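Undergrad: Contents of entry13.pdb (PDB, C-alpha atoms) are given next:
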```
ATOM      1  CA  MET A   1      16.484  38.156 -11.793
ATOM      2  CA  ILE A   2      19.096  35.597 -12.792
ATOM      3  CA  VAL A   3      19.075  32.118 -11.256
ATOM      4  CA  TYR A   4      21.476  29.293 -12.043
ATOM      5  CA  LEU A   5      19.878  25.851 -11.992
ATOM      6  CA  ARG A   6      22.216  22.908 -11.684
ATOM      7  CA  SER A   7      21.452  19.206 -12.048
ATOM      8  CA  GLY A   8      22.638  15.868 -13.326
ATOM      9  CA  GLY A   9      21.175  12.796 -14.985
ATOM     10  CA  LYS A  10      17.830  12.886 -16.799
ATOM     11  CA  LEU A  11      16.897  16.119 -15.092
ATOM     12  CA  CYS A  12      19.921  17.752 -16.666
ATOM     13  CA  ASP A  13      18.604  16.821 -20.122
ATOM     14  CA  LEU A  14      15.305  18.531 -19.316
ATOM     15  CA  LEU A  15      17.057  21.670 -18.097
ATOM     16  CA  LYS A  16      19.054  22.078 -21.305
ATOM     17  CA  PRO A  17      22.241  23.389 -19.659
ATOM     18  CA  ASP A  18      23.885  26.392 -21.291
ATOM     19  CA  VAL A  19      26.515  27.601 -18.798
ATOM     20  CA  ASP A  20      28.393  24.330 -18.484
ATOM     21  CA  GLU A  21      27.545  20.644 -18.766
ATOM     22  CA  TYR A  22      25.256  20.761 -15.718
ATOM     23  CA  THR A  23      24.065  24.363 -15.332
ATOM     24  CA  ARG A  24      21.289  26.445 -16.941
ATOM     25  CA  LYS A  25      21.095  30.210 -16.535
ATOM     26  CA  VAL A  26      17.518  31.489 -16.389
ATOM     27  CA  ASP A  27      16.186  35.033 -16.314
ATOM     28  CA  VAL A  28      12.907  35.051 -14.395
ATOM     29  CA  ALA A  29      10.633  37.485 -12.606
ATOM     30  CA  ASP A  30      11.583  38.386  -9.042
ATOM     31  CA  GLY A  31       9.937  36.359  -6.302
ATOM     32  CA  LEU A  32       9.330  33.130  -8.215
ATOM     33  CA  SER A  33       9.767  29.894  -6.297
ATOM     34  CA  ILE A  34      11.790  26.990  -7.646
ATOM     35  CA  GLU A  35       8.573  25.206  -8.556
ATOM     36  CA  GLU A  36       7.341  28.254 -10.455
ATOM     37  CA  ILE A  37      10.665  28.619 -12.257
ATOM     38  CA  LEU A  38      10.518  24.961 -13.262
ATOM     39  CA  ALA A  39       7.018  25.534 -14.654
ATOM     40  CA  THR A  40       8.354  28.298 -16.916
ATOM     41  CA  LEU A  41      10.875  25.769 -18.249
ATOM     42  CA  GLY A  42       8.265  23.045 -18.751
ATOM     43  CA  VAL A  43       9.790  20.772 -16.095
ATOM     44  CA  ALA A  44       7.159  18.849 -14.130
ATOM     45  CA  PRO A  45       7.547  19.178 -10.340
ATOM     46  CA  VAL A  46       7.384  15.393 -10.016
ATOM     47  CA  MET A  47      10.818  15.261 -11.656
ATOM     48  CA  VAL A  48      12.412  17.134  -8.739
ATOM     49  CA  ALA A  49      12.490  15.797  -5.174
ATOM     50  CA  PHE A  50      14.156  18.757  -3.532
ATOM     51  CA  ALA A  51      16.732  21.432  -4.200
ATOM     52  CA  PHE A  52      19.739  22.658  -2.350
ATOM     53  CA  ALA A  53      21.447  25.988  -2.065
ATOM     54  CA  ASP A  54      23.903  27.538   0.347
ATOM     55  CA  GLY A  55      24.559  24.154   1.939
ATOM     56  CA  LYS A  56      20.944  23.529   2.893
ATOM     57  CA  VAL A  57      18.149  21.334   1.593
ATOM     58  CA  LYS A  58      15.338  23.498   0.192
ATOM     59  CA  ARG A  59      11.745  22.677  -0.618
ATOM     60  CA  LEU A  60      10.395  23.601  -4.022
ATOM     61  CA  ASP A  61       8.571  26.612  -2.583
ATOM     62  CA  TYR A  62      11.969  28.201  -1.870
ATOM     63  CA  VAL A  63      12.462  31.556  -3.577
ATOM     64  CA  PRO A  64      16.041  31.946  -4.792
ATOM     65  CA  ALA A  65      17.898  35.229  -4.589
ATOM     66  CA  ASP A  66      19.194  37.041  -7.650
ATOM     67  CA  GLY A  67      22.347  35.337  -8.857
ATOM     68  CA  GLU A  68      21.922  32.273  -6.650
ATOM     69  CA  THR A  69      22.855  28.767  -7.824
ATOM     70  CA  VAL A  70      20.279  26.123  -6.936
ATOM     71  CA  THR A  71      20.996  22.431  -7.436
ATOM     72  CA  LEU A  72      18.014  20.247  -8.277
ATOM     73  CA  GLN A  73      17.805  16.675  -7.115
ATOM     74  CA  SER A  74      15.704  14.016  -8.851
ATOM     75  CA  PRO A  75      13.851  11.482  -6.720
ATOM     76  CA  VAL A  76      16.351   8.787  -5.693
ATOM     77  CA  ALA A  77      14.931   5.527  -4.409
ATOM     78  CA  GLY A  78      16.992   2.569  -5.605
ATOM     79  CA  GLY A  79      18.828   0.185  -3.347
TER
ATOM     80  CA  MET B   1      28.379 -16.500  39.445
ATOM     81  CA  THR B   2      31.393 -15.129  37.567
ATOM     82  CA  PRO B   3      30.417 -12.945  34.604
ATOM     83  CA  PRO B   4      31.697 -14.161  31.234
ATOM     84  CA  ASP B   5      35.009 -12.748  30.056
ATOM     85  CA  ARG B   6      33.995 -10.149  27.443
ATOM     86  CA  ARG B   7      37.516  -9.067  26.538
ATOM     87  CA  LEU B   8      38.706  -9.439  22.962
ATOM     88  CA  THR B   9      40.134 -12.867  22.164
ATOM     89  CA  PRO B  10      43.533 -13.478  20.541
ATOM     90  CA  ASP B  11      41.664 -14.288  17.311
ATOM     91  CA  ASP B  12      39.823 -10.949  17.554
ATOM     92  CA  ARG B  13      43.122  -9.142  18.014
ATOM     93  CA  GLU B  14      44.566 -10.756  14.911
ATOM     94  CA  ARG B  15      41.450 -10.328  12.740
ATOM     95  CA  PHE B  16      40.876  -6.690  13.652
ATOM     96  CA  ALA B  17      44.527  -5.693  14.122
ATOM     97  CA  ARG B  18      44.507  -3.038  11.396
ATOM     98  CA  GLN B  19      41.604  -1.132  12.930
ATOM     99  CA  LEU B  20      42.585  -1.730  16.558
ATOM    100  CA  GLU B  21      45.767   0.213  15.761
ATOM    101  CA  LEU B  22      43.754   3.317  14.906
ATOM    102  CA  PRO B  23      44.121   6.027  17.551
ATOM    103  CA  GLU B  24      40.358   6.703  17.373
ATOM    104  CA  TRP B  25      39.547   3.016  17.831
ATOM    105  CA  GLY B  26      40.996   0.502  20.285
ATOM    106  CA  ASP B  27      39.476  -2.253  22.412
ATOM    107  CA  ALA B  28      36.481  -0.282  23.662
ATOM    108  CA  ALA B  29      35.246   0.583  20.180
ATOM    109  CA  GLN B  30      35.802  -2.970  18.951
ATOM    110  CA  GLU B  31      33.900  -4.389  21.923
ATOM    111  CA  ARG B  32      30.997  -2.037  21.223
ATOM    112  CA  LEU B  33      30.829  -3.339  17.648
ATOM    113  CA  ARG B  34      30.972  -6.938  18.831
ATOM    114  CA  ASP B  35      28.093  -6.300  21.232
ATOM    115  CA  ALA B  36      25.974  -4.475  18.632
ATOM    116  CA  ASN B  37      22.798  -5.790  17.037
ATOM    117  CA  VAL B  38      22.119  -4.334  13.572
ATOM    118  CA  PHE B  39      19.057  -4.591  11.347
ATOM    119  CA  ILE B  40      19.763  -4.363   7.614
ATOM    120  CA  ALA B  41      16.579  -3.889   5.564
ATOM    121  CA  GLY B  42      17.323  -5.058   2.051
ATOM    122  CA  ALA B  43      20.044  -7.369   0.729
ATOM    123  CA  GLY B  44      20.511  -5.784  -2.704
ATOM    124  CA  GLY B  45      23.180  -3.399  -3.942
ATOM    125  CA  LEU B  46      23.343  -1.251  -0.823
ATOM    126  CA  GLY B  47      22.731  -4.175   1.528
ATOM    127  CA  SER B  48      25.576  -6.160  -0.037
ATOM    128  CA  ALA B  49      28.176  -3.513   0.765
ATOM    129  CA  VAL B  50      26.696  -2.759   4.177
ATOM    130  CA  ALA B  51      26.483  -6.396   5.260
ATOM    131  CA  LEU B  52      29.970  -7.285   4.034
ATOM    132  CA  TYR B  53      31.671  -4.320   5.706
ATOM    133  CA  LEU B  54      29.781  -4.594   8.990
ATOM    134  CA  THR B  55      30.541  -8.307   9.194
ATOM    135  CA  ALA B  56      34.178  -7.711   8.322
ATOM    136  CA  ALA B  57      34.410  -4.896  10.870
ATOM    137  CA  GLY B  58      33.257  -7.190  13.672
ATOM    138  CA  VAL B  59      29.585  -6.362  14.282
ATOM    139  CA  GLY B  60      28.415  -9.191  16.497
ATOM    140  CA  ARG B  61      24.796  -9.647  15.435
ATOM    141  CA  ILE B  62      23.153  -8.790  12.131
ATOM    142  CA  THR B  63      19.575  -9.359  11.012
ATOM    143  CA  LEU B  64      19.272  -9.263   7.226
ATOM    144  CA  ALA B  65      15.774  -8.972   5.743
ATOM    145  CA  ASP B  66      14.877  -9.405   2.079
ATOM    146  CA  PRO B  67      12.120 -11.449   0.388
ATOM    147  CA  ASP B  68      13.788 -11.856  -3.020
ATOM    148  CA  VAL B  69      15.858 -14.449  -4.815
ATOM    149  CA  VAL B  70      19.139 -13.784  -6.597
ATOM    150  CA  GLU B  71      18.791 -12.952 -10.298
ATOM    151  CA  LEU B  72      21.529 -12.542 -12.896
ATOM    152  CA  SER B  73      20.530  -8.895 -13.347
ATOM    153  CA  ASN B  74      21.439  -8.285  -9.679
ATOM    154  CA  LEU B  75      25.072  -9.194 -10.143
ATOM    155  CA  ASN B  76      26.348  -5.863 -11.503
ATOM    156  CA  ARG B  77      26.029  -4.443  -7.987
ATOM    157  CA  GLN B  78      25.010  -7.089  -5.441
ATOM    158  CA  VAL B  79      28.489  -8.266  -4.575
ATOM    159  CA  LEU B  80      27.332 -10.620  -1.837
ATOM    160  CA  TYR B  81      26.354 -13.118  -4.535
ATOM    161  CA  THR B  82      27.978 -15.101  -7.296
ATOM    162  CA  THR B  83      26.591 -16.514 -10.508
ATOM    163  CA  LYS B  84      25.992 -19.875  -8.889
ATOM    164  CA  ASP B  85      23.677 -18.225  -6.346
ATOM    165  CA  ALA B  86      21.142 -17.354  -9.077
ATOM    166  CA  GLY B  87      17.754 -18.684  -7.991
ATOM    167  CA  ARG B  88      18.694 -18.919  -4.295
ATOM    168  CA  ASP B  89      16.996 -16.794  -1.689
ATOM    169  CA  LYS B  90      19.175 -13.756  -1.079
ATOM    170  CA  VAL B  91      19.279 -13.927   2.690
ATOM    171  CA  GLY B  92      20.279 -17.606   2.638
ATOM    172  CA  ALA B  93      23.089 -17.011   0.149
ATOM    173  CA  ALA B  94      24.125 -13.864   2.025
ATOM    174  CA  THR B  95      24.286 -15.685   5.352
ATOM    175  CA  ASP B  96      26.603 -18.332   3.915
ATOM    176  CA  ARG B  97      28.902 -15.629   2.523
ATOM    177  CA  LEU B  98      28.919 -13.521   5.669
ATOM    178  CA  VAL B  99      29.555 -16.429   8.016
ATOM    179  CA  SER B 100      32.425 -17.553   5.802
ATOM    180  CA  LEU B 101      33.846 -14.021   6.055
ATOM    181  CA  ASN B 102      33.570 -13.863   9.852
ATOM    182  CA  PRO B 103      32.398 -17.053  11.589
ATOM    183  CA  SER B 104      31.931 -15.271  14.908
ATOM    184  CA  ALA B 105      29.199 -13.021  13.458
ATOM    185  CA  ALA B 106      25.665 -14.145  14.296
ATOM    186  CA  ILE B 107      23.622 -13.602  11.125
ATOM    187  CA  THR B 108      19.834 -13.894  11.268
ATOM    188  CA  PRO B 109      18.282 -14.221   7.798
ATOM    189  CA  LEU B 110      14.705 -13.029   7.407
ATOM    190  CA  ARG B 111      13.153 -13.883   4.072
ATOM    191  CA  GLU B 112      10.388 -11.334   4.318
ATOM    192  CA  ARG B 113       9.436  -7.833   3.298
ATOM    193  CA  VAL B 114       9.504  -5.194   6.006
ATOM    194  CA  ASP B 115       6.005  -3.717   6.067
ATOM    195  CA  ALA B 116       4.109  -1.320   8.278
ATOM    196  CA  ASP B 117       2.659  -4.080  10.455
ATOM    197  CA  SER B 118       5.857  -6.038  10.980
ATOM    198  CA  ALA B 119       8.501  -3.313  11.044
ATOM    199  CA  PRO B 120       8.299  -2.113  14.668
ATOM    200  CA  GLY B 121       8.407  -5.670  15.995
ATOM    201  CA  LEU B 122      11.273  -6.607  13.697
ATOM    202  CA  LEU B 123      13.349  -3.588  14.718
ATOM    203  CA  ALA B 124      12.798  -4.004  18.450
ATOM    204  CA  GLY B 125      15.961  -5.083  20.241
ATOM    205  CA  HIS B 126      18.300  -3.768  17.547
ATOM    206  CA  ASP B 127      20.710  -0.887  18.085
ATOM    207  CA  ILE B 128      20.437   0.614  14.612
ATOM    208  CA  ALA B 129      18.494   0.119  11.365
ATOM    209  CA  ILE B 130      20.119   0.453   7.974
ATOM    210  CA  ASP B 131      17.939   1.392   5.034
ATOM    211  CA  CYS B 132      19.032  -0.591   1.980
ATOM    212  CA  LEU B 133      15.550  -0.767   0.481
ATOM    213  CA  ASP B 134      14.517  -0.148  -3.109
ATOM    214  CA  THR B 135      11.402   2.051  -2.925
ATOM    215  CA  LEU B 136      10.544   5.255  -1.128
ATOM    216  CA  ALA B 137       7.396   3.660   0.243
ATOM    217  CA  ALA B 138       9.431   0.956   1.987
ATOM    218  CA  ARG B 139      11.873   3.572   3.287
ATOM    219  CA  PHE B 140       9.069   5.560   4.839
ATOM    220  CA  VAL B 141       7.858   2.410   6.608
ATOM    221  CA  LEU B 142      11.334   1.805   8.048
ATOM    222  CA  ASN B 143      11.710   5.477   8.946
ATOM    223  CA  ARG B 144       8.458   5.480  10.907
ATOM    224  CA  ALA B 145       9.303   2.198  12.635
ATOM    225  CA  SER B 146      12.765   3.374  13.667
ATOM    226  CA  PHE B 147      11.166   6.519  15.051
ATOM    227  CA  GLU B 148       8.579   4.485  17.000
ATOM    228  CA  VAL B 149      11.169   2.055  18.356
ATOM    229  CA  GLY B 150      13.594   4.903  19.055
ATOM    230  CA  ILE B 151      16.670   3.662  17.237
ATOM    231  CA  PRO B 152      18.821   5.500  14.689
ATOM    232  CA  MET B 153      18.472   4.764  10.991
ATOM    233  CA  VAL B 154      21.146   5.100   8.342
ATOM    234  CA  TYR B 155      19.396   6.271   5.190
ATOM    235  CA  GLY B 156      20.847   5.435   1.792
ATOM    236  CA  ALA B 157      19.472   5.499  -1.741
ATOM    237  CA  VAL B 158      20.869   5.342  -5.272
ATOM    238  CA  ALA B 159      19.883   6.049  -8.866
ATOM    239  CA  GLY B 160      22.204   6.179 -11.836
ATOM    240  CA  PHE B 161      25.432   7.786 -10.668
ATOM    241  CA  THR B 162      23.753   9.555  -7.733
ATOM    242  CA  GLY B 163      23.382   8.576  -4.103
ATOM    243  CA  HIS B 164      22.247   9.891  -0.737
ATOM    244  CA  VAL B 165      23.405   9.072   2.787
ATOM    245  CA  SER B 166      22.223  10.435   6.120
ATOM    246  CA  LEU B 167      21.944   9.365   9.747
ATOM    247  CA  ILE B 168      18.561   9.899  11.330
ATOM    248  CA  GLU B 169      18.580  10.114  15.115
ATOM    249  CA  PRO B 170      15.017  10.112  16.412
ATOM    250  CA  PRO B 171      13.739  12.337  17.887
ATOM    251  CA  GLU B 172      16.615  14.869  17.692
ATOM    252  CA  THR B 173      17.217  15.149  13.948
ATOM    253  CA  ALA B 174      14.999  15.538  10.924
ATOM    254  CA  CYS B 175      13.489  12.205   9.927
ATOM    255  CA  LEU B 176      13.312  11.001   6.337
ATOM    256  CA  GLU B 177       9.841  12.419   5.741
ATOM    257  CA  CYS B 178      11.069  15.857   6.796
ATOM    258  CA  PHE B 179      13.209  16.223   3.681
ATOM    259  CA  VAL B 180      12.299  13.516   1.157
ATOM    260  CA  PRO B 181       8.925  14.090  -0.531
ATOM    261  CA  ARG B 182       6.622  11.252  -1.530
ATOM    262  CA  LYS B 183       7.630  11.227  -5.189
ATOM    263  CA  GLU B 184       8.214   7.590  -6.074
ATOM    264  CA  PRO B 185      10.303   7.288  -9.244
ATOM    265  CA  PRO B 186       9.745   4.378 -11.641
ATOM    266  CA  ALA B 187      11.335   1.134 -10.420
ATOM    267  CA  PRO B 188      13.682  -0.540 -10.940
ATOM    268  CA  ALA B 189      15.962   2.459 -11.285
ATOM    269  CA  PRO B 190      18.962   2.063 -13.578
ATOM    270  CA  VAL B 191      22.136   2.224 -11.518
ATOM    271  CA  LEU B 192      25.841   1.855 -12.022
ATOM    272  CA  GLY B 193      26.937  -1.008  -9.792
ATOM    273  CA  CYS B 194      29.752   0.888  -8.142
ATOM    274  CA  THR B 195      27.362   3.708  -7.169
ATOM    275  CA  ALA B 196      25.545   1.221  -4.950
ATOM    276  CA  GLY B 197      28.869  -0.015  -3.599
ATOM    277  CA  LEU B 198      30.029   3.520  -2.859
ATOM    278  CA  ILE B 199      26.846   4.548  -1.075
ATOM    279  CA  GLY B 200      26.553   1.246   0.800
ATOM    280  CA  THR B 201      30.134   1.601   1.984
ATOM    281  CA  LEU B 202      29.394   5.119   3.218
ATOM    282  CA  GLN B 203      26.339   3.779   5.060
ATOM    283  CA  ALA B 204      28.490   1.106   6.681
ATOM    284  CA  THR B 205      30.989   3.784   7.721
ATOM    285  CA  GLU B 206      28.237   5.814   9.367
ATOM    286  CA  ALA B 207      26.873   2.740  11.160
ATOM    287  CA  VAL B 208      30.295   1.669  12.414
ATOM    288  CA  LYS B 209      31.069   5.156  13.734
ATOM    289  CA  ARG B 210      27.674   5.472  15.402
ATOM    290  CA  LEU B 211      27.920   2.048  17.047
ATOM    291  CA  ALA B 212      31.517   2.500  18.165
ATOM    292  CA  GLY B 213      30.956   6.082  19.281
ATOM    293  CA  VAL B 214      33.756   7.610  17.251
ATOM    294  CA  GLY B 215      33.973  10.518  14.849
ATOM    295  CA  GLU B 216      31.380  12.915  13.530
ATOM    296  CA  THR B 217      28.349  11.375  11.877
ATOM    297  CA  LEU B 218      25.901  12.644   9.259
ATOM    298  CA  ALA B 219      23.210  13.203  11.898
ATOM    299  CA  GLY B 220      21.189  16.202  10.753
ATOM    300  CA  ARG B 221      23.046  16.316   7.456
ATOM    301  CA  LEU B 222      22.545  14.758   4.032
ATOM    302  CA  LEU B 223      25.452  13.672   1.861
ATOM    303  CA  VAL B 224      24.623  13.895  -1.844
ATOM    304  CA  VAL B 225      27.088  12.140  -4.145
ATOM    305  CA  ASP B 226      27.039  12.928  -7.846
ATOM    306  CA  GLY B 227      29.327  10.292  -9.305
ATOM    307  CA  LEU B 228      29.009  11.590 -12.848
ATOM    308  CA  ALA B 229      30.444  14.996 -11.968
ATOM    309  CA  MET B 230      32.357  13.399  -9.029
ATOM    310  CA  ARG B 231      30.995  16.001  -6.682
ATOM    311  CA  CYS B 232      29.869  15.602  -3.066
ATOM    312  CA  ASP B 233      27.678  18.030  -1.132
ATOM    313  CA  VAL B 234      26.989  17.825   2.589
ATOM    314  CA  LEU B 235      23.735  19.629   3.312
ATOM    315  CA  GLU B 236      22.011  20.718   6.462
ATOM    316  CA  VAL B 237      18.556  19.153   6.843
ATOM    317  CA  GLN B 238      15.964  20.648   9.132
ATOM    318  CA  ARG B 239      12.953  19.156  10.847
ATOM    319  CA  ASP B 240       9.610  19.847   9.207
ATOM    320  CA  PRO B 241       7.192  21.231  11.823
ATOM    321  CA  ALA B 242       4.385  19.549   9.854
ATOM    322  CA  CYS B 243       6.135  16.179   9.419
ATOM    323  CA  PRO B 244       3.574  13.351   9.734
ATOM    324  CA  VAL B 245       6.123  11.168  11.551
ATOM    325  CA  CYS B 246       8.226  13.235  13.904
ATOM    326  CA  SER B 247       6.528  16.606  14.430
ATOM    327  CA  SER B 248       4.624  15.350  17.467
ATOM    328  CA  ARG B 249       7.833  15.193  19.542
TER
END
```
So, in terms of structure tokens, how does the structure I just supplied come out?
TA:
Amino acid sequence: MIVYLRSGGKLCDLLKPDVDEYTRKVDVADGLSIEEILATLGVAPVMVAFAFADGKVKRLDYVPADGETVTLQSPVAGG
Amino acid sequence: MTPPDRRLTPDDRERFARQLELPEWGDAAQERLRDANVFIAGAGGLGSAVALYLTAAGVGRITLADPDVVELSNLNRQVLYTTKDAGRDKVGAATDRLVSLNPSAAITPLRERVDADSAPGLLAGHDIAIDCLDTLAARFVLNRASFEVGIPMVYGAVAGFTGHVSLIEPPETACLECFVPRKEPPAPAPVLGCTAGLIGTLQATEAVKRLAGVGETLAGRLLVVDGLAMRCDVLEVQRDPACPVCSSR
């Protein structure tokens, strides 16, 4: 299935975007979670705090649907 | 005994004229702000914007907690301070600035770190807590304390060009630990100064609305600002049935 992963900042560098400046298109096996997809790309789970899709915050065990765009969020802790 | 006259004074009417004219605002909202007691945890980049705008808006009592002193490297984002404040304790310098902005505001400086032992006692008696801290660990302490004391908390955090804002209303909404995992990034995080100003100003907006009882807040929702792409997402956040803080209620 095709999943579009979107991000910004350092995480974007790791994703190596190919659709636009922020988005990477990946072709992965059906049923993989976000965490499992990240593993296929060599992105450590510690680099991602949570994801969001369809207007909702998603944990990394979320399984995207074919064609879905998922935005990845790095840990944010500064003040 | 005659109760004290709590109506707005002529000085109040002049100072706050531009917001008193708002159809959503008026005397009742302004009086609620004047009577409010706010706890701001952290007097850095977020805390600077929050403290300045809450003081300017007419919040009557503010406790500002931070253990640090002003350093030159703070001044790209911590707009409460000037170069001559370098070396001063932040809460002392902040109090001088805030009182000069609005002399009727009662500012209580606390030069201490908010930790697990002290947090519930420090928050008691306040109407709202505002998270302007600089680590996730400290945020989780404030989150738990606000849950225990039963007051709302305005969450805010920044890194680079990115920021988060949400309003946590215990026990109704998801708390911070429901949607932010314990993944502490390296500190200090690089940040563009105006990102902190933007997010802090949004936090102040949420606090003002919540205290005055106007508008729709971010309760149960997370605002994610990506300043690099200049994109904002408002996301639904849900309670975690296994949350170590709030799942028991």
Undergrad: Of the residues A:Gln73, A:Leu11, A:Asp66, A:Val57, which is the one nearest to chain B, using only C-alpha atoms?
TA: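 For chain B, the nearest of the given residues is A:Val57.
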Undergrad: I'd like to see the residues matched by the ChimeraX specification (/B :<12) & /A on this file, and ideally I'd get them as a ChimeraX atom specification.
TA: /A:6-12,20-23,44-60,71-79
Undergrad: What does the structure give for the distance between CA of Ala93 (chain B) and CA of Pro109 (chain B), in Å to one decimal?
TA: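 Spanning CA of Ala93 (chain B) to CA of Pro109 (chain B) is a straight-line distance of 9.5 Å.
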Undergrad: At a cut-off of 12 Å, using all atoms listed in the file, what residues contact Leu98 (chain B)? Leave out same-chain residues fewer than 6 positions from it and give the result as a PyMOL selection string.
TA: chain B and resi 43+47-64+79-81+90-92+104-109
Undergrad: If the PyMOL selection byres ((chain B and resi 119-124) around 10) were run on this exact file, what residues would it hold? Put them as a PyMOL selection string.
TA: chain B and resi 37-41+63+65+110+113-118+125-129+141-151
Undergrad: Just the number, please: distance in Å from CA of Thr69 (chain A) to CA of Cys243 (chain B), one decimal.
TA: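 Those two atoms sit 27.1 Å apart.
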Undergrad: Choose the residue, out of A:Tyr62, A:Val43, A:Gly67, A:Asp13, that has the smallest atom-to-atom separation from Asp27 (chain A); count all atoms listed in the file.
TA: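 Comparing A:Tyr62, A:Val43, A:Gly67, A:Asp13 against Asp27 (chain A), the winner is A:Gly67.
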Undergrad: Report, in Å to a single decimal, how far apart CA of Leu32 (chain A) and CA of Asp61 (chain A) are.
TA: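 Atom-to-atom, CA of Asp61 (chain A) and CA of Leu32 (chain A) are spaced 8.6 Å apart.
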Undergrad: Taking the file as shown, what set of residues would the PyMOL selection byres ((chain B and resi 173-175) around 7) give back, as a PyMOL selection string?
TA: chain B and resi 168-172+176-178+219-220+237-239+246
Undergrad: List the neighbours of Val28 (chain A) out to 10 Å using all atoms listed in the file; skip same-chain residues closer than 4 positions along the sequence, and give me the result as JSON, numbers by chain.
TA: {"A": [1, 2, 3, 32, 36, 37, 40, 66]}
Undergrad: Complete region 162-177 of chain B at the level of N, CA and C atoms, written as a PDB file, keeping the file's coordinate frame.
TA:
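As written to disk, out_22.pdb reads:
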```pdb
ATOM      1  N   THR B 162      24.036   8.693  -8.876  1.00  0.00           N
ATOM      2  CA  THR B 162      23.753   9.555  -7.733  1.00  0.00           C
ATOM      3  C   THR B 162      23.399   8.734  -6.505  1.00  0.00           C
ATOM      4  N   GLY B 163      23.771   9.243  -5.334  1.00  0.00           N
ATOM      5  CA  GLY B 163      23.382   8.576  -4.103  1.00  0.00           C
ATOM      6  C   GLY B 163      23.248   9.540  -2.943  1.00  0.00           C
ATOM      7  N   HIS B 164      22.477   9.116  -1.956  1.00  0.00           N
ATOM      8  CA  HIS B 164      22.247   9.891  -0.737  1.00  0.00           C
ATOM      9  C   HIS B 164      22.646   9.054   0.470  1.00  0.00           C
ATOM     10  N   VAL B 165      23.159   9.712   1.491  1.00  0.00           N
ATOM     11  CA  VAL B 165      23.405   9.072   2.787  1.00  0.00           C
ATOM     12  C   VAL B 165      23.089  10.070   3.891  1.00  0.00           C
ATOM     13  N   SER B 166      22.426   9.606   4.935  1.00  0.00           N
ATOM     14  CA  SER B 166      22.223  10.435   6.120  1.00  0.00           C
ATOM     15  C   SER B 166      22.038   9.522   7.330  1.00  0.00           C
ATOM     16  N   LEU B 167      22.227  10.096   8.502  1.00  0.00           N
ATOM     17  CA  LEU B 167      21.944   9.365   9.747  1.00  0.00           C
ATOM     18  C   LEU B 167      20.791  10.077  10.442  1.00  0.00           C
ATOM     19  N   ILE B 168      19.745   9.332  10.679  1.00  0.00           N
ATOM     20  CA  ILE B 168      18.561   9.899  11.330  1.00  0.00           C
ATOM     21  C   ILE B 168      18.552   9.433  12.781  1.00  0.00           C
ATOM     22  N   GLU B 169      18.505  10.405  13.671  1.00  0.00           N
ATOM     23  CA  GLU B 169      18.580  10.114  15.115  1.00  0.00           C
ATOM     24  C   GLU B 169      17.275  10.560  15.771  1.00  0.00           C
ATOM     25  N   PRO B 170      16.283   9.674  15.810  1.00  0.00           N
ATOM     26  CA  PRO B 170      15.017  10.112  16.412  1.00  0.00           C
ATOM     27  C   PRO B 170      15.141  10.270  17.934  1.00  0.00           C
ATOM     28  N   PRO B 171      14.549  11.313  18.529  1.00  0.00           N
ATOM     29  CA  PRO B 171      13.739  12.337  17.887  1.00  0.00           C
ATOM     30  C   PRO B 171      14.523  13.632  17.633  1.00  0.00           C
ATOM     31  N   GLU B 172      15.854  13.611  17.756  1.00  0.00           N
ATOM     32  CA  GLU B 172      16.615  14.869  17.692  1.00  0.00           C
ATOM     33  C   GLU B 172      16.698  15.457  16.280  1.00  0.00           C
ATOM     34  N   THR B 173      16.966  14.612  15.285  1.00  0.00           N
ATOM     35  CA  THR B 173      17.217  15.149  13.948  1.00  0.00           C
ATOM     36  C   THR B 173      15.966  15.071  13.082  1.00  0.00           C
ATOM     37  N   ALA B 174      16.039  15.723  11.927  1.00  0.00           N
ATOM     38  CA  ALA B 174      14.999  15.538  10.924  1.00  0.00           C
ATOM     39  C   ALA B 174      14.894  14.058  10.595  1.00  0.00           C
ATOM     40  N   CYS B 175      13.660  13.581  10.413  1.00  0.00           N
ATOM     41  CA  CYS B 175      13.489  12.205   9.927  1.00  0.00           C
ATOM     42  C   CYS B 175      13.384  12.240   8.407  1.00  0.00           C
ATOM     43  N   LEU B 176      13.290  11.065   7.802  1.00  0.00           N
ATOM     44  CA  LEU B 176      13.312  11.001   6.337  1.00  0.00           C
ATOM     45  C   LEU B 176      12.173  11.802   5.714  1.00  0.00           C
ATOM     46  N   GLU B 177      10.997  11.734   6.337  1.00  0.00           N
ATOM     47  CA  GLU B 177       9.841  12.419   5.741  1.00  0.00           C
ATOM     48  C   GLU B 177       9.936  13.935   5.887  1.00  0.00           C
TER      49      GLU B 177
END
```
